[in-house]
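See structure below.
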Amino acid sequence: MKIKKLGSDIALDIFCYTIVAILCLTIVIPFWNLFVTSVTPKSEMTLEFKWFPTVVDWGAWKTVVTSGYLWLCFKNTVVRTLLATVVSLFFLSTFAYPISRDEFPARRFLTTMIMVTMFFTGGLIPTYLNISELGLMDTIWALVLPGAMSAFNVILLKNFFKQLPGGLVEAAKIDGANDVYILFRIVLPLSLPILATLALWQLVGNWNAWFDCLLYINDRQQYVLQIMLRELQETVAAITEGGAGVDASQAPPSEAIIATSNLFVILPIICVYPFLQKYFVKGLTVGGIKG
Amino acid sequence: MRVQSGVHKLKKTRWEKFTTSCYQNKYLYLLALPGFIWLVLFAYKPMLGVLMAFQDYNIIGGLWDSPWVGFKHFQTFFSGKDFAPIMGNTIKISLLQLLFGFPMPIILAIIFNELRTGAYKKVTQTISYLPHFLSWITIAGMMTTILSPSTGLVNNVLVMFGIEPIYFLAEKSMFVPILIISSIWKEIGWSSVIYLASLAGLDQEVGEAATIDGCTRFQKIIYINFPYLMSTVAIMLILRVGGILNAGFDQIFNLYSPATYDVADVLDTYVYRLGISGFQYSLSTAIGLFKSVVGVIMVVVTNWLTKRLSDGEVSL
């Protein structure tokens, strides 16, 4: 009896460890393959399976890294990401704090107002026309402002503020501090973990955002990396500023350029997320979806 | 006379109360102001814009001066030749995604839960989260690379086994399976987090008691872990059902091409092409409105249903 039980346990272990290993391989191999493709010269681009590049040619990497346009898009993406994160944290905390205070008369009204947006939105066209009516087309604000608040994040932050010890705020009030001071000097410094989570969501979300740029930005000088990458998949010429392309006879294969640019966009995330994942996970589990 | 002065006095105190309350809370009002303005400009103004679904909207007239046409655009859409294939594709893709994609993270969470705490578990979990943090543009780019008919990894392998290379992304019959597999690949790890967190709340003693009673680990998974997850599963399912007409815009938009429109075109991509590329603002807003109304109805109905079925134990 005991031996039988042990046997089934070992089988279960083997099963679980193998499944997980296979899953990870299916994730790691495509990335590795992307790298192999990025250093493969034209002559070696064949339908032959290779685990490792037969000849290493950094031509595509050189083309990508020396592309002024790519760095311009990189700069646009960094600026938009940082600005959107700061703006979003400002809107979220200044709105979540008042509705977390029981003595605030407009608390119910404003909470309802934000909850409604969870169920109803204008939809694509009214949203698009709205941005255009506000005169935000071809400005960075079209990428920064629409995503600044979301009902989910506001409620998350409100709940966090609510569970902070109430005595702190009362004591500060008795000392004559006003709510603006209390929020920025007392409440926010105590809320750093949740702010970190919200900031990370914004950072990753904005780094990956592309649809807003596709809709609201027509000027190629203001494109973000994701949109450049999207264009690149249609024509490799998109890597240059005017879309004129590079000398075809000299150029590395288009597969390699696409693969390299892709890695270029993915790399910052790969480098950062393993160290920050606990904040992401925390936000997800604190976030209130509980059985 | 006395009564009147009383009323007068009461009125005054109410007004006074109101102004003092405003004055006392002036800083809270001040703090809420930016968010309030944001809500008006970026949430409620576009909501009002939905009215254009009932107009023949034109840019010059705007919402005020465009002629009202009632349900004309809804009729156009429902009786048009595009309605059946678009709705068919949307529901088919969405249901298949749900059917295959939804159980996967649950199974993975149960598997992860069986691994011993340590480096292996930590590393594999971290790797499994990775695709979640990438956009569909980058993933579509990776897929074009590995599915390429001339140099791609997958065709490499097929050729190794003597199979003719396939141009996967232009093959109609391959499109939906590619969608499903790639979205499972992208989200399986990250979606398992919520179930893992739920399993972490399971009382260790229950498992120990079961072991003493002679339960194998497999039996514990079936009779303890799995039932324990059910309430989380129900909540996640309710959340998914509301999006039944969301077939995954980002994914499809970055993977489809005219070659695969027949099987790939869904409500969201149709609305995009009709509205943004075709300038048919009213018609596409009408379709979008139809979509969100269906979404809200689905959430309310499923929520009500699960509440009934679980005797009020599970609901949003």
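Identifiers for the structure tokens are assigned positionally: chains receive A, B, ... in sequence, residues are indexed from 1 per chain, and ligands are indexed from 1 in the order shown.
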Find the residues of chain B that sit at most 7 Å from chain A; for each, write down the nearest two atoms and how far apart they are in Å, to one decimal. Count only C-alpha atoms. Sort by chain, then by number going up, and give it as CSV.
```
residue,atom,partner,partner_atom,distance
B:Asn25,CA,A:Phe104,CA,6.7
B:Tyr27,CA,A:Asp179,CA,5.7
B:Leu28,CA,A:Pro98,CA,5.3
B:Leu31,CA,A:Thr94,CA,5.1
B:Ala32,CA,A:Phe95,CA,4.7
B:Pro34,CA,A:Phe91,CA,6.5
B:Gly35,CA,A:Phe95,CA,5.3
B:Phe42,CA,A:Pro146,CA,6.1
B:Ala43,CA,A:Thr117,CA,6.7
B:Pro46,CA,A:Gly122,CA,4.6
B:Met47,CA,A:Gly122,CA,4.0
B:Gly49,CA,A:Pro126,CA,5.0
B:Val50,CA,A:Gly122,CA,5.7
B:Ile111,CA,A:Cys16,CA,5.5
B:Thr124,CA,A:Cys24,CA,6.3
B:Thr126,CA,A:Pro274,CA,6.4
B:Ile127,CA,A:Cys24,CA,6.2
B:Ser128,CA,A:Cys24,CA,6.1
B:Phe133,CA,A:Val204,CA,7.0
B:Leu134,CA,A:Asn208,CA,6.6
B:Ser135,CA,A:Asn208,CA,5.1
B:Ile137,CA,A:Arg230,CA,6.2
B:Thr138,CA,A:Asn262,CA,6.0
B:Gly141,CA,A:Gln233,CA,6.8
B:Met142,CA,A:Leu34,CA,6.9
B:Thr145,CA,A:Glu255,CA,6.8
B:Ile146,CA,A:Pro30,CA,6.9
B:Ser150,CA,A:Leu47,CA,6.0
B:Thr151,CA,A:Leu47,CA,5.0
B:Leu153,CA,A:Phe49,CA,7.0
B:Asn156,CA,A:Phe49,CA,5.0
B:Val157,CA,A:Phe49,CA,6.7
B:Ile194,CA,A:Thr285,CA,6.5
B:Ala197,CA,A:Thr285,CA,6.8
B:Thr216,CA,A:Lys5,CA,6.2
B:Arg217,CA,A:Asp9,CA,6.3
B:Ser231,CA,A:Gly291,CA,5.1
B:Thr232,CA,A:Gly291,CA,4.8
B:Ile235,CA,A:Gly291,CA,7.0
B:Gly275,CA,A:Ile125,CA,6.5
B:Tyr281,CA,A:Ile125,CA,6.3
B:Thr285,CA,A:Ile125,CA,6.0
B:Gly288,CA,A:Gly123,CA,5.9
B:Val296,CA,A:Phe119,CA,6.5
```
If you run DSSP on the backbone, which residues of region 23-211 of chain B are helix (DSSP H, G or I), as a PyMOL selection string? chain B and resi 23-24+26-54+62-65+72-79+83-101+103-114+119-133+136-147+153-160+168-170+172-200+204-211
Test item: residues at most 9 Å from Asp138 (chain A), only C-alpha atoms, excluding those fewer than 4 positions along its chain, as an NGL selection string: :A and (142 or 213 or 216-219 or 222)
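Using only C-alpha atoms, the residues found no farther than 6 Å from region 60-68 of chain A, other than those of its own chain fewer than 3 positions away, are Trp71, Pro252, Ala256 and Ile257 of chain A.
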Grab the residues selected above and save them as a PDB file, in the first residue's frame with N, CA and C atoms.
```pdb
ATOM      1  N   TRP A  71      15.957  55.438 -32.729  1.00  0.00           N
ATOM      2  CA  TRP A  71      16.231  56.105 -31.451  1.00  0.00           C
ATOM      3  C   TRP A  71      15.249  57.234 -31.192  1.00  0.00           C
ATOM      4  N   PRO A 252      21.384  43.953 -44.557  1.00  0.00           N
ATOM      5  CA  PRO A 252      21.169  42.628 -43.985  1.00  0.00           C
ATOM      6  C   PRO A 252      19.759  42.147 -44.341  1.00  0.00           C
ATOM      7  N   ALA A 256      16.210  39.422 -40.499  1.00  0.00           N
ATOM      8  CA  ALA A 256      17.137  39.739 -39.411  1.00  0.00           C
ATOM      9  C   ALA A 256      16.843  41.108 -38.821  1.00  0.00           C
ATOM     10  N   ILE A 257      16.504  42.061 -39.693  1.00  0.00           N
ATOM     11  CA  ILE A 257      16.208  43.413 -39.191  1.00  0.00           C
ATOM     12  C   ILE A 257      14.945  43.409 -38.335  1.00  0.00           C
TER      13      ILE A 257
END
```
Using only C-alpha atoms, determine which residues lie at most 8 Å from Ile110 (chain B), disregarding the query and same-chain residues fewer than 5 positions distant; provide the list as a list in words. Leu196, Ile221, Asn225 and Phe226 of chain B
Can I get the selected residues back with all heavy atoms, as a PDB file, in the first residue's frame?
```pdb
ATOM      1  N   LEU B 196      -3.236  30.598  -8.175  1.00  0.00           N
ATOM      2  CA  LEU B 196      -2.176  30.221  -7.228  1.00  0.00           C
ATOM      3  C   LEU B 196      -2.352  30.955  -5.907  1.00  0.00           C
ATOM      4  O   LEU B 196      -2.219  30.367  -4.830  1.00  0.00           O
ATOM      5  CB  LEU B 196      -0.813  30.578  -7.821  1.00  0.00           C
ATOM      6  CG  LEU B 196      -0.080  29.459  -8.548  1.00  0.00           C
ATOM      7  CD1 LEU B 196       1.180  29.998  -9.175  1.00  0.00           C
ATOM      8  CD2 LEU B 196       0.248  28.333  -7.584  1.00  0.00           C
ATOM      9  N   ILE B 221      -5.663  16.637  -5.043  1.00  0.00           N
ATOM     10  CA  ILE B 221      -5.885  17.652  -6.079  1.00  0.00           C
ATOM     11  C   ILE B 221      -7.344  17.642  -6.518  1.00  0.00           C
ATOM     12  O   ILE B 221      -7.996  18.676  -6.588  1.00  0.00           O
ATOM     13  CB  ILE B 221      -4.964  17.390  -7.299  1.00  0.00           C
ATOM     14  CG1 ILE B 221      -3.524  17.648  -6.915  1.00  0.00           C
ATOM     15  CG2 ILE B 221      -5.379  18.274  -8.475  1.00  0.00           C
ATOM     16  CD1 ILE B 221      -2.534  17.301  -8.003  1.00  0.00           C
ATOM     17  N   ASN B 225      -8.084  20.537  -3.665  1.00  0.00           N
ATOM     18  CA  ASN B 225      -7.623  21.745  -4.351  1.00  0.00           C
ATOM     19  C   ASN B 225      -8.631  22.248  -5.380  1.00  0.00           C
ATOM     20  O   ASN B 225      -8.938  23.435  -5.442  1.00  0.00           O
ATOM     21  CB  ASN B 225      -6.294  21.488  -5.066  1.00  0.00           C
ATOM     22  CG  ASN B 225      -5.161  21.274  -4.088  1.00  0.00           C
ATOM     23  OD1 ASN B 225      -5.396  21.223  -2.874  1.00  0.00           O
ATOM     24  ND2 ASN B 225      -3.957  21.137  -4.587  1.00  0.00           N
ATOM     25  N   PHE B 226      -9.116  21.328  -6.192  1.00  0.00           N
ATOM     26  CA  PHE B 226      -9.986  21.732  -7.292  1.00  0.00           C
ATOM     27  C   PHE B 226     -11.303  22.347  -6.804  1.00  0.00           C
ATOM     28  O   PHE B 226     -11.649  23.463  -7.209  1.00  0.00           O
ATOM     29  CB  PHE B 226     -10.218  20.549  -8.231  1.00  0.00           C
ATOM     30  CG  PHE B 226     -10.681  20.961  -9.573  1.00  0.00           C
ATOM     31  CD1 PHE B 226      -9.838  21.665 -10.429  1.00  0.00           C
ATOM     32  CD2 PHE B 226     -11.973  20.681  -9.995  1.00  0.00           C
ATOM     33  CE1 PHE B 226     -10.278  22.074 -11.671  1.00  0.00           C
ATOM     34  CE2 PHE B 226     -12.413  21.095 -11.234  1.00  0.00           C
ATOM     35  CZ  PHE B 226     -11.569  21.789 -12.070  1.00  0.00           C
TER      36      PHE B 226
END
```
